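Trainee: I have a structure I would like to understand better, so I am pasting it below and will then ask my questions one at a time.
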Protein chains: 2
Amino acid sequence: MRYLSKLFQPVITIPKNAKIKNTEITCKSQKLLLECGLIRPTGPGLFTILPLARRSLDKLENLIRSCIEAAGGQRMAVPSLTSATLWDKTGRLQEIGPELIKMEDRHGKKYLLAPTHEEAIADLLADVGPLSYKQLPLLLYQIGNKYRDEARPKHGLLRAREFSMLDAYGVHEHEQCAREVYSAVTDAYYTLFQTLDLPVHRVEAPSGDMGGPLSHEWQLPAPAGEDSVYVCNTCARAALQEGPCPKCGGETKEVQSIEVGHTFLLGSKYSAALSAHCTPSSGPPAPLYMSCYGIGITRLLSASIEALSSDKCLRWPDTIAPYSVCIIGPKEGSREWQTHGIGAISQLYQTLEPARPGDVIVDDRHQLTIGKRLMMADRMGYPYIVVIGKAALSDPARYEVYRSCAATASVQLLTATELLGLLTHTHTQRIQINNVA
Amino acid sequence: MRYLSKLFQPVITIPKNAKIKNTEITCKSQKLLLECGLIRPTGPGLFTILPLARRSLDKLENLIRSCIEAAGGQRMAVPSLTSATLWDKTGRLQEIGPELIKMEDRHGKKYLLAPTHEEAIADLLADVGPLSYKQLPLLLYQIGNKYRDEARPKHGLLRAREFSMLDAYGVHEHEQCAREVYSAVTDAYYTLFQTLDLPVHRVEAPSGDMGGPLSHEWQLPAPAGEDSVYVCNTCARAALQEGPCPKCGGETKEVQSIEVGHTFLLGSKYSAALSAHCTPSSGPPAPLYMSCYGIGITRLLSASIEALSSDKCLRWPDTIAPYSVCIIGPKEGSREWQTHGIGAISQLYQTLEPARPGDVIVDDRHQLTIGKRLMMADRMGYPYIVVIGKAALSDPARYEVYRSCAATASVQLLTATELLGLLTHTHTQRIQINNVA
């Protein structure tokens with residue numbers, strides 16, 4: 001059994017009258033993640049991800065992996081330590097400037113900690129090339145840490161200096177192939193956000209320093225967002241600029257939002273500068289056509305909390321809550337405790353666990369009342385909270401089942417078999433959604 | 001279906017008479033991983049992990065995770081960017097010196113890229129503490145990149161500057177508790193190396209700069225090893241020092257070996273320096289007792305190749321080969337091709353895939369002869385190579401099954417059903433071994 005008392009979850013109770021500096025905790029997700037013992041700052045824009053948040057991150061990474069692999073992605077890993085020379089060749093060493101974390105090795109050679117890997121990928125393609133058009137397209141991706149020396153890191157994981165990213169790079173013979181891969185990755189993004197039940201908007205965006213003819217930002221509406229999008233009241237289509245909806249002409253309203261992903265057609269900016277060539281089906285070797293796709297993973301985690309939570313309680317997309325099910329047994333010494341004891345908890349755990357393998361946790365702090373533990377479980381946002389209360393004394397035993405979306409309002413009384421059915425059914429639905437990708 | 005022609009696997013063919021500088025490729029695993037298109041250097045001691053090696057690494061990380069979690073480990077993530085001040089407090093900023101990669105942020109604050117995280121963990125424990133003895137023991141672990149500015153990075157992934165590590169930290173009230181966790185993690189290590197079929201020796205080692213009363217190195221015999229251990233001819237027990245076996249008095253012989261893991265009881269060196277305290281069951285608060293456990297993951301990957309491969313062919317522990325099964329169909333235009341065509345390959349794939357989900361690959365370079373592709377598959381070391389040859393024309397169809405350990409010597413002719421049985425049986429055995437952990 002997995003016991004809550006064994007979790008490393010250093011909860012902070014901030015006294016009601018404490019004065020908190022405005023600059024320290026600036027948004028809901030940061031406050032909840034910190035107070036509930038899921039993250040811990042180690043310095044400006046730097047955070048330890050504690051075990052419960054790490055479990056969420058694992059789930060989110062797995063979802064992202066299956067989506068990007070369904071689009072043809074092959075996972076690899078490029079070093080974070082990147083030669084500064086490469087960035088000098090594309091001009092970005094100067095352009096990006098102080099946001100780059102730079103260092104020298106013991107021999108004085110200059111490196112930077114990559115915030116993104118267009119240069120490194122183009123250099124790799126040059127090193128192994130020229131690639132034949134027959135080997136293309138390729139979609140190479142990584143999941144790992146990126147670094148950005150933000151002038152003002154803030155909002156916790158929303159704007160950190162070390163953060164986890166998906167970065168994927170499309171490698172193509174020409175723009176037309178690139179558009180096909182772009183479309184496949186776009187579908188993968190839609191599947192991902194649908195699986196997470198998040199209303200993310202895709203909006204056309206300028207390409208900026210990245211170069212290329214096409215770019216989209218993926219924006220999740222949330223109050224703490226530093227961006228904003230204009231969403232049509234009629235057709236729900238969104239745009240970065242104000243104005244009537246270009247699709248249906250409807251009126252738009254501005255909503256604050258968080259950029260959780262971006263997609264770019266890059267053209268040959270990086271491949272030309274770093275000599276990454278393709279041998280096309282006809283004609284002489286030419287620079288490869290590249291595209292790139294990013295999702296800020298730690299940012300998406302906290303953005304989804306930002307979008308779904310109340311001021312006092314964490315709420316997660318069901319698929320990435322740290323645990324699916326939390327079982328709360330009777331209080332020590334109560335009549336239910338004397339009748340059921342530990343045995344009933346263990347039995348219920350054994351029954352439910354196969355429906356959510358490794359994903360059921362028992363709040364074994366039996367010295368606390370059920371009410372107190374229920375309140376804390378609600379604050380943590382476990383999708384299913386199962387209480388062994390009075391109805392467990394009846395025959396057949398029934399359990400109180402709370403869904404985190406409306407913990408106090410909607411309680412169901414279910415037998416173990418009904419509950420197992422519910423957990424299996426919703427789980428299978430999820431798996432089917434994932435497989436559609 | 002997964003097709004070999006779609007893999008990003010830039011193979012290097014080095015001409016027979018080419019002169020290779022001795023300093024560049026210094027060991028078997030480095031040579032094979034490079035030539036077979038699994039890694040690619042980006043600078044001294046820095047490597048891109050290409051898709052096939054990344055698959056192996058994923059498998060190895062999963063095995064390590066399940067072993068360390070069976071010992072009670074909770075996964076978390078501490079930033080790589082670590083404040084230099086912490087390391088100054090324990091004295092290691094000076095002690096380790098040039099091996100640390102140091103940098104400053106835009107405000108001039110000093111950081112280093114952590115080669116290990118004792119300081120960061122002790123600082124976290126101080127920040128959330130003092131911990132009650134009731135919350136202990138804890139076993140906190142990470143899987144992620146570590147950094148060391150090696151004076152002479154060499155042997156490819158065996159001595160790199162950026163490398164993947166498991167680092168786990170035990171947190172205890174006192175030495176006795178620490179010895180219990182130490183023993184649980186030792187069991188987890190044994191299970192891991194047994195699952196990998198690797199004859200790793202545990203040898204008592206001096207604690208050195210790490211401090212503490214107990215330490216073991218975990219050494220894998222392999223020709224390229226920079227260490228050596230003395231293994232008893234009689235009882236196979238090993239030691240770091242020369243001399244008769246302390247257990248049975250037998251004679252020992254020296255073998256070269258690679259350190260793939262280490263385990264330490266640390267005592268309170270880090271907790272005392274960084275004020276990480278425990279409220280014990282009786283008496284005043286005292287510094288926590290710490291232990292630590294490391295496995296070099298990328299190093300273990302290449303060490304296992306170093307130990308198992310021939311000069312010309314990659315050999316993997318079965319559990320971490322990039323793909324379990326490689327299917328080779330008939331050559332285009334052959335009689336078998338005309339009879340079977342693509343349909344037979346697809347059918348066989350559909351039959352075998354459920355036994356090894358996501359882990360079967362088809363060598364679809366049908367313009368090449370079976371012999372040529374068989375030779376290349378043998379060089380890659382796929383545990384099962386399945387050839388659709390002449391016997392597939394008989395009724396029932398039989399397939400040539402080669403095991404990578406003796407590809408030319410031991411060919412079996414099996415029906416699809418027999419083959420499915422074999423793959424399912426060996427897979428189930430593996431899963432059982434993993435679950436023992």
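Chain labels run A, B, ... following the order of the structure tokens; each chain numbers its residues from 1, and ligands are numbered from 1 in the order shown.
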List every residue of segment 53-244 of chain B that DSSP, applied to the backbone of this structure, assigns to alpha helix (DSSP H), and report them as a VMD selection string.

Mentor: chain B and resid 53 to 70 84 to 90 92 to 96 118 to 128 175 to 195

Trainee: Tell me, as an NGL selection string, which residues lie within 12 Å of Pro354 of chain B, counting only C-alpha atoms; anything in the same chain fewer than 3 positions away does not count.

Mentor: :B and (325 or 348-351 or 357-360 or 420-421 or 423-424 or 427)

Trainee: What's the 12 Å shell around Met380 of chain A, counting only C-alpha atoms, without same-chain residues fewer than 6 positions away, as an NGL selection string?

Mentor: :A and (4 or 9 or 11 or 32-38 or 52-53 or 305 or 309-310 or 312-316 or 321-326 or 363 or 373-374 or 403-405 or 407)

Trainee: Store the residues picked out above in a file with N, CA, C and O atoms, as a short mmCIF file (atom, residue, chain, number, x, y, z; two decimals), in the first residue's frame.

Mentor:
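out.cif, written as the output of this step:
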```
data_model
loop_
_atom_site.label_atom_id
_atom_site.label_comp_id
_atom_site.auth_asym_id
_atom_site.auth_seq_id
_atom_site.Cartn_x
_atom_site.Cartn_y
_atom_site.Cartn_z
N LEU A 4 0.00 7.96 2.72
CA LEU A 4 0.23 9.40 2.67
C LEU A 4 1.24 9.85 3.73
O LEU A 4 2.03 10.77 3.49
N GLN A 9 6.19 15.54 1.67
CA GLN A 9 5.29 16.60 1.20
C GLN A 9 5.27 17.71 2.25
O GLN A 9 4.35 17.81 3.06
N VAL A 11 4.30 20.55 3.82
CA VAL A 11 3.20 21.52 3.72
C VAL A 11 3.56 22.77 4.52
O VAL A 11 4.19 22.69 5.57
N LEU A 32 -0.44 27.68 -4.35
CA LEU A 32 -0.96 26.36 -4.00
C LEU A 32 0.13 25.29 -4.04
O LEU A 32 0.22 24.44 -3.16
N LEU A 33 0.97 25.34 -5.08
CA LEU A 33 2.04 24.33 -5.21
C LEU A 33 3.02 24.43 -4.04
O LEU A 33 3.51 23.43 -3.53
N LEU A 34 3.28 25.65 -3.62
CA LEU A 34 4.19 25.86 -2.49
C LEU A 34 3.55 25.43 -1.17
O LEU A 34 4.12 24.62 -0.42
N GLU A 35 2.35 25.94 -0.91
CA GLU A 35 1.71 25.66 0.38
C GLU A 35 1.34 24.19 0.55
O GLU A 35 1.35 23.66 1.66
N CYS A 36 0.99 23.52 -0.56
CA CYS A 36 0.60 22.10 -0.46
C CYS A 36 1.80 21.15 -0.51
O CYS A 36 1.63 19.93 -0.52
N GLY A 37 3.01 21.70 -0.58
CA GLY A 37 4.20 20.84 -0.50
C GLY A 37 4.53 20.13 -1.80
O GLY A 37 5.00 19.01 -1.79
N LEU A 38 4.34 20.82 -2.94
CA LEU A 38 4.65 20.20 -4.23
C LEU A 38 5.90 20.77 -4.89
O LEU A 38 6.53 20.11 -5.71
N LEU A 52 5.19 14.71 -5.18
CA LEU A 52 3.85 14.71 -5.77
C LEU A 52 3.83 15.44 -7.11
O LEU A 52 3.20 14.98 -8.07
N ALA A 53 4.52 16.57 -7.19
CA ALA A 53 4.56 17.30 -8.46
C ALA A 53 5.35 16.51 -9.50
O ALA A 53 5.04 16.52 -10.69
N ILE A 305 -3.05 24.15 -13.58
CA ILE A 305 -3.51 24.41 -12.20
C ILE A 305 -4.07 25.82 -12.10
O ILE A 305 -5.12 26.06 -11.50
N SER A 309 -7.86 25.64 -10.88
CA SER A 309 -7.98 25.64 -9.42
C SER A 309 -8.82 26.81 -8.91
O SER A 309 -8.98 27.83 -9.58
N SER A 310 -9.33 26.64 -7.70
CA SER A 310 -9.90 27.78 -6.98
C SER A 310 -8.77 28.41 -6.18
O SER A 310 -7.64 27.93 -6.20
N LYS A 312 -8.33 28.31 -3.14
CA LYS A 312 -7.95 27.51 -1.98
C LYS A 312 -7.66 26.05 -2.28
O LYS A 312 -7.09 25.35 -1.45
N CYS A 313 -8.09 25.56 -3.44
CA CYS A 313 -7.96 24.13 -3.71
C CYS A 313 -7.33 23.87 -5.06
O CYS A 313 -7.74 24.44 -6.07
N LEU A 314 -6.35 22.97 -5.08
CA LEU A 314 -5.76 22.52 -6.32
C LEU A 314 -6.78 21.76 -7.15
O LEU A 314 -7.56 20.97 -6.61
N ARG A 315 -6.77 22.03 -8.46
CA ARG A 315 -7.55 21.21 -9.38
C ARG A 315 -6.66 20.89 -10.57
O ARG A 315 -5.96 21.77 -11.07
N TRP A 316 -6.68 19.63 -10.98
CA TRP A 316 -5.80 19.14 -12.05
C TRP A 316 -6.65 18.57 -13.18
O TRP A 316 -7.74 18.08 -12.95
N ALA A 321 -3.29 14.31 -12.31
CA ALA A 321 -3.28 14.50 -10.85
C ALA A 321 -2.24 13.54 -10.26
O ALA A 321 -2.03 12.45 -10.79
N PRO A 322 -1.56 13.94 -9.17
CA PRO A 322 -0.47 13.09 -8.64
C PRO A 322 -0.93 11.66 -8.33
O PRO A 322 -0.23 10.71 -8.64
N TYR A 323 -2.09 11.51 -7.71
CA TYR A 323 -2.71 10.20 -7.55
C TYR A 323 -4.16 10.32 -8.01
O TYR A 323 -4.79 11.37 -7.82
N SER A 324 -4.70 9.24 -8.57
CA SER A 324 -6.09 9.23 -9.04
C SER A 324 -7.08 9.13 -7.90
O SER A 324 -8.14 9.72 -7.94
N VAL A 325 -6.73 8.29 -6.93
CA VAL A 325 -7.68 7.92 -5.89
C VAL A 325 -7.02 8.08 -4.52
O VAL A 325 -5.89 7.63 -4.33
N CYS A 326 -7.74 8.72 -3.58
CA CYS A 326 -7.27 8.80 -2.20
C CYS A 326 -8.30 8.13 -1.29
O CYS A 326 -9.48 8.50 -1.31
N ASP A 363 -4.77 7.80 2.87
CA ASP A 363 -4.47 8.78 3.91
C ASP A 363 -4.57 8.06 5.26
O ASP A 363 -5.66 7.87 5.80
N ARG A 373 -9.40 15.26 7.16
CA ARG A 373 -8.66 14.64 6.05
C ARG A 373 -9.35 14.85 4.71
O ARG A 373 -8.71 15.04 3.68
N LEU A 374 -10.69 14.85 4.73
CA LEU A 374 -11.46 15.09 3.51
C LEU A 374 -11.18 16.50 2.98
O LEU A 374 -10.97 16.72 1.79
N ARG A 403 -15.97 13.53 -5.94
CA ARG A 403 -15.19 13.93 -7.11
C ARG A 403 -14.63 15.29 -6.81
O ARG A 403 -15.35 16.16 -6.32
N SER A 404 -13.36 15.50 -7.14
CA SER A 404 -12.72 16.74 -6.69
C SER A 404 -13.36 17.99 -7.27
O SER A 404 -13.23 19.07 -6.74
N CYS A 405 -14.10 17.86 -8.38
CA CYS A 405 -14.69 19.06 -8.97
C CYS A 405 -15.75 19.67 -8.08
O CYS A 405 -16.01 20.86 -8.13
N ALA A 407 -16.44 18.63 -4.40
CA ALA A 407 -16.23 17.69 -3.31
C ALA A 407 -17.36 17.68 -2.29
O ALA A 407 -17.76 16.62 -1.81
#
```

Trainee: Taking only C-alpha atoms into account and nothing else, which residues of chain A lie no more than 8 Å away from chain B? Please answer as a PyMOL selection string.

Mentor: chain A and resi 5-8+10+42-43+46-51+53-55+74-79+81+83+98-99+101-106+124+128+135+138+149+151+162

Trainee: Which value, in Å to one decimal, gives the distance between atom CA of Ala71 of chain A and atom CA of Tyr189 of chain A?

Mentor: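 These two atoms are separated by 9.7 Å.
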
Trainee: Find the residues around Ser268 of chain A up to 12 Å (only C-alpha atoms counted), leave out those fewer than 6 positions away in its own chain, and share them as an MDAnalysis selection string.

Mentor: chainID A and resid 90 118:119 122 170:175 178 210:213 274:278 286:292

Trainee: Save the residues we just selected, N, CA, C and O atoms, as a JSON list (two decimals), in the first residue's frame?

Mentor:
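Produced file part-v7.json, reproduced below:
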```json
[["chain", "number", "residue", "atom", "x", "y", "z"],
["A", 90, "THR", "N", 24.77, 31.75, -36.05],
["A", 90, "THR", "CA", 23.41, 32.12, -36.46],
["A", 90, "THR", "C", 23.04, 33.52, -35.99],
["A", 90, "THR", "O", 21.95, 34.01, -36.26],
["A", 118, "GLU", "N", 17.72, 24.74, -31.83],
["A", 118, "GLU", "CA", 17.77, 24.81, -33.29],
["A", 118, "GLU", "C", 19.22, 24.71, -33.81],
["A", 118, "GLU", "O", 19.50, 23.99, -34.76],
["A", 119, "GLU", "N", 20.13, 25.44, -33.18],
["A", 119, "GLU", "CA", 21.53, 25.42, -33.61],
["A", 119, "GLU", "C", 22.12, 24.03, -33.47],
["A", 119, "GLU", "O", 22.81, 23.52, -34.36],
["A", 122, "ALA", "N", 20.69, 21.64, -36.08],
["A", 122, "ALA", "CA", 21.21, 21.94, -37.42],
["A", 122, "ALA", "C", 22.67, 21.48, -37.52],
["A", 122, "ALA", "O", 23.10, 20.93, -38.54],
["A", 170, "GLY", "N", 11.41, 19.35, -36.93],
["A", 170, "GLY", "CA", 11.10, 18.70, -38.19],
["A", 170, "GLY", "C", 12.20, 18.97, -39.19],
["A", 170, "GLY", "O", 12.74, 20.09, -39.26],
["A", 171, "VAL", "N", 12.57, 17.96, -39.98],
["A", 171, "VAL", "CA", 13.63, 18.08, -40.97],
["A", 171, "VAL", "C", 13.04, 17.66, -42.31],
["A", 171, "VAL", "O", 12.54, 16.54, -42.44],
["A", 172, "HIS", "N", 13.10, 18.58, -43.30],
["A", 172, "HIS", "CA", 12.33, 18.37, -44.52],
["A", 172, "HIS", "C", 13.14, 18.75, -45.75],
["A", 172, "HIS", "O", 14.11, 19.49, -45.66],
["A", 173, "GLU", "N", 12.64, 18.24, -46.90],
["A", 173, "GLU", "CA", 13.28, 18.61, -48.16],
["A", 173, "GLU", "C", 12.88, 20.04, -48.54],
["A", 173, "GLU", "O", 13.70, 20.81, -48.99],
["A", 174, "HIS", "N", 11.59, 20.35, -48.38],
["A", 174, "HIS", "CA", 11.13, 21.69, -48.74],
["A", 174, "HIS", "C", 9.88, 22.06, -47.95],
["A", 174, "HIS", "O", 9.37, 21.25, -47.16],
["A", 175, "GLU", "N", 9.38, 23.26, -48.18],
["A", 175, "GLU", "CA", 8.29, 23.79, -47.35],
["A", 175, "GLU", "C", 7.04, 22.91, -47.40],
["A", 175, "GLU", "O", 6.37, 22.74, -46.38],
["A", 178, "ALA", "N", 7.31, 20.17, -45.06],
["A", 178, "ALA", "CA", 7.30, 20.73, -43.71],
["A", 178, "ALA", "C", 5.87, 21.01, -43.27],
["A", 178, "ALA", "O", 5.50, 20.78, -42.12],
["A", 210, "MET", "N", 12.82, 33.91, -34.75],
["A", 210, "MET", "CA", 13.01, 32.52, -35.15],
["A", 210, "MET", "C", 13.06, 32.36, -36.66],
["A", 210, "MET", "O", 13.64, 31.41, -37.16],
["A", 211, "GLY", "N", 12.43, 33.29, -37.40],
["A", 211, "GLY", "CA", 12.43, 33.20, -38.86],
["A", 211, "GLY", "C", 11.33, 32.29, -39.36],
["A", 211, "GLY", "O", 10.66, 31.62, -38.57],
["A", 212, "GLY", "N", 11.10, 32.27, -40.70],
["A", 212, "GLY", "CA", 10.13, 31.35, -41.28],
["A", 212, "GLY", "C", 8.78, 31.99, -41.53],
["A", 212, "GLY", "O", 8.45, 33.02, -40.96],
["A", 213, "PRO", "N", 7.99, 31.34, -42.42],
["A", 213, "PRO", "CA", 6.75, 31.95, -42.92],
["A", 213, "PRO", "C", 5.51, 31.69, -42.06],
["A", 213, "PRO", "O", 4.47, 32.26, -42.34],
["A", 274, "LEU", "N", 24.52, 26.87, -40.74],
["A", 274, "LEU", "CA", 25.37, 25.80, -40.18],
["A", 274, "LEU", "C", 25.63, 24.68, -41.18],
["A", 274, "LEU", "O", 26.12, 23.61, -40.82],
["A", 275, "SER", "N", 25.30, 24.94, -42.47],
["A", 275, "SER", "CA", 25.63, 24.01, -43.56],
["A", 275, "SER", "C", 25.01, 22.63, -43.41],
["A", 275, "SER", "O", 25.68, 21.61, -43.56],
["A", 276, "ALA", "N", 23.73, 22.59, -43.06],
["A", 276, "ALA", "CA", 23.02, 21.31, -42.98],
["A", 276, "ALA", "C", 22.24, 21.13, -44.28],
["A", 276, "ALA", "O", 21.26, 21.84, -44.52],
["A", 277, "HIS", "N", 22.71, 20.20, -45.10],
["A", 277, "HIS", "CA", 22.15, 20.07, -46.45],
["A", 277, "HIS", "C", 21.38, 18.78, -46.68],
["A", 277, "HIS", "O", 21.52, 17.82, -45.94],
["A", 278, "CYS", "N", 20.62, 18.85, -47.77],
["A", 278, "CYS", "CA", 19.83, 17.72, -48.21],
["A", 278, "CYS", "C", 20.19, 17.47, -49.68],
["A", 278, "CYS", "O", 20.44, 18.42, -50.43],
["A", 286, "ALA", "N", 20.94, 21.27, -51.22],
["A", 286, "ALA", "CA", 20.38, 22.55, -50.77],
["A", 286, "ALA", "C", 20.18, 22.50, -49.26],
["A", 286, "ALA", "O", 20.06, 21.41, -48.69],
["A", 287, "PRO", "N", 20.16, 23.67, -48.60],
["A", 287, "PRO", "CA", 19.91, 23.66, -47.15],
["A", 287, "PRO", "C", 18.59, 22.96, -46.84],
["A", 287, "PRO", "O", 17.62, 23.08, -47.59],
["A", 288, "LEU", "N", 18.58, 22.21, -45.75],
["A", 288, "LEU", "CA", 17.36, 21.55, -45.29],
["A", 288, "LEU", "C", 16.31, 22.59, -44.90],
["A", 288, "LEU", "O", 16.65, 23.71, -44.50],
["A", 289, "TYR", "N", 15.05, 22.20, -44.99],
["A", 289, "TYR", "CA", 13.97, 23.05, -44.50],
["A", 289, "TYR", "C", 13.60, 22.55, -43.11],
["A", 289, "TYR", "O", 13.31, 21.38, -42.92],
["A", 290, "MET", "N", 13.63, 23.43, -42.11],
["A", 290, "MET", "CA", 13.37, 22.99, -40.74],
["A", 290, "MET", "C", 12.08, 23.56, -40.17],
["A", 290, "MET", "O", 11.60, 24.61, -40.59],
["A", 291, "SER", "N", 11.52, 22.84, -39.21],
["A", 291, "SER", "CA", 10.39, 23.36, -38.44],
["A", 291, "SER", "C", 10.65, 23.02, -36.98],
["A", 291, "SER", "O", 11.50, 22.17, -36.68],
["A", 292, "CYS", "N", 9.99, 23.70, -36.06],
["A", 292, "CYS", "CA", 10.20, 23.35, -34.65],
["A", 292, "CYS", "C", 8.94, 23.54, -33.83],
["A", 292, "CYS", "O", 8.04, 24.31, -34.19]]
```

Trainee: With only C-alpha atoms as the counted atoms, please give the residues lying no more than 8 Å from Met165 of chain A, apart from itself and same-chain residues fewer than 4 positions off, as a PDB file with C-alpha atoms, in the first residue's frame.

Mentor:
```pdb
ATOM      1  CA  GLN A 142      13.694  15.765 -26.708  1.00  0.00           C
ATOM      2  CA  ILE A 143      12.250  16.116 -23.248  1.00  0.00           C
ATOM      3  CA  GLY A 144      14.613  17.793 -20.841  1.00  0.00           C
ATOM      4  CA  ASN A 145      15.703  20.917 -19.042  1.00  0.00           C
ATOM      5  CA  LYS A 146      16.147  24.261 -20.704  1.00  0.00           C
ATOM      6  CA  GLY A 294       7.873  23.400 -28.263  1.00  0.00           C
ATOM      7  CA  ILE A 295       5.754  22.771 -25.185  1.00  0.00           C
ATOM      8  CA  GLY A 296       6.827  24.161 -21.822  1.00  0.00           C
ATOM      9  CA  ILE A 297       6.119  21.109 -19.678  1.00  0.00           C
ATOM     10  CA  THR A 298       6.576  22.533 -16.176  1.00  0.00           C
TER      11      THR A 298
END
```

Trainee: Ser183 of chain B: which residues within 12 Å, counting only C-alpha atoms, same-chain residues fewer than 2 positions away excluded, as a list in words?

Mentor: Ala71, Gly72, Gly170, Gln176, Cys177, Ala178, Arg179, Glu180, Val181, Val185, Thr186, Asp187, Ala188, Tyr189, Tyr190, Leu214, Ser215, His216, Thr263, Phe264, Leu265, Ser291 and Tyr293 of chain B

Trainee: B:Asp197, B:Glu242, B:Asp364, B:Asp209: which is nearest Leu266 of chain B, counting only C-alpha atoms?

Mentor: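 Distance minimum relative to Leu266 of chain B lands on B:Asp209.
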
Trainee: Using only C-alpha atoms, which protein or nucleic acid residues come within 8 Å of Lys390 of chain B? Drop anything in the same chain fewer than 3 positions from it, and give the result as a list of chain:residue names.

Mentor: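 What passes the distance filter is B:Glu336, B:Leu393, B:Ser394.
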
Trainee: Can those selected residues be exported to a file as a compact mmCIF listing (two decimals), in the first residue's frame so that it contains N, CA, C and O atoms?

Mentor:
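Contents of out-v3.txt, as written:
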```
# COMPACT_ATOMS: atom_id res chain seq x y z
N GLU B 336 10.50 -15.81 -52.69
CA GLU B 336 9.78 -15.61 -51.43
C GLU B 336 9.02 -14.27 -51.45
O GLU B 336 7.92 -14.16 -50.95
N LEU B 393 7.87 -20.70 -46.98
CA LEU B 393 7.04 -21.18 -48.10
C LEU B 393 6.36 -22.50 -47.76
O LEU B 393 5.36 -22.87 -48.39
N SER B 394 6.90 -23.24 -46.78
CA SER B 394 6.31 -24.53 -46.41
C SER B 394 5.03 -24.32 -45.62
O SER B 394 4.68 -23.20 -45.26
```

Trainee: Based on the backbone DSSP call, show me all residues of segment 188-347 of chain A assigned strand (DSSP E or B), as number ranges by chain.

Mentor: A: 201-204, 214-221, 227-232, 238-239, 252-267, 277-279, 286-287, 289-296, 325-328
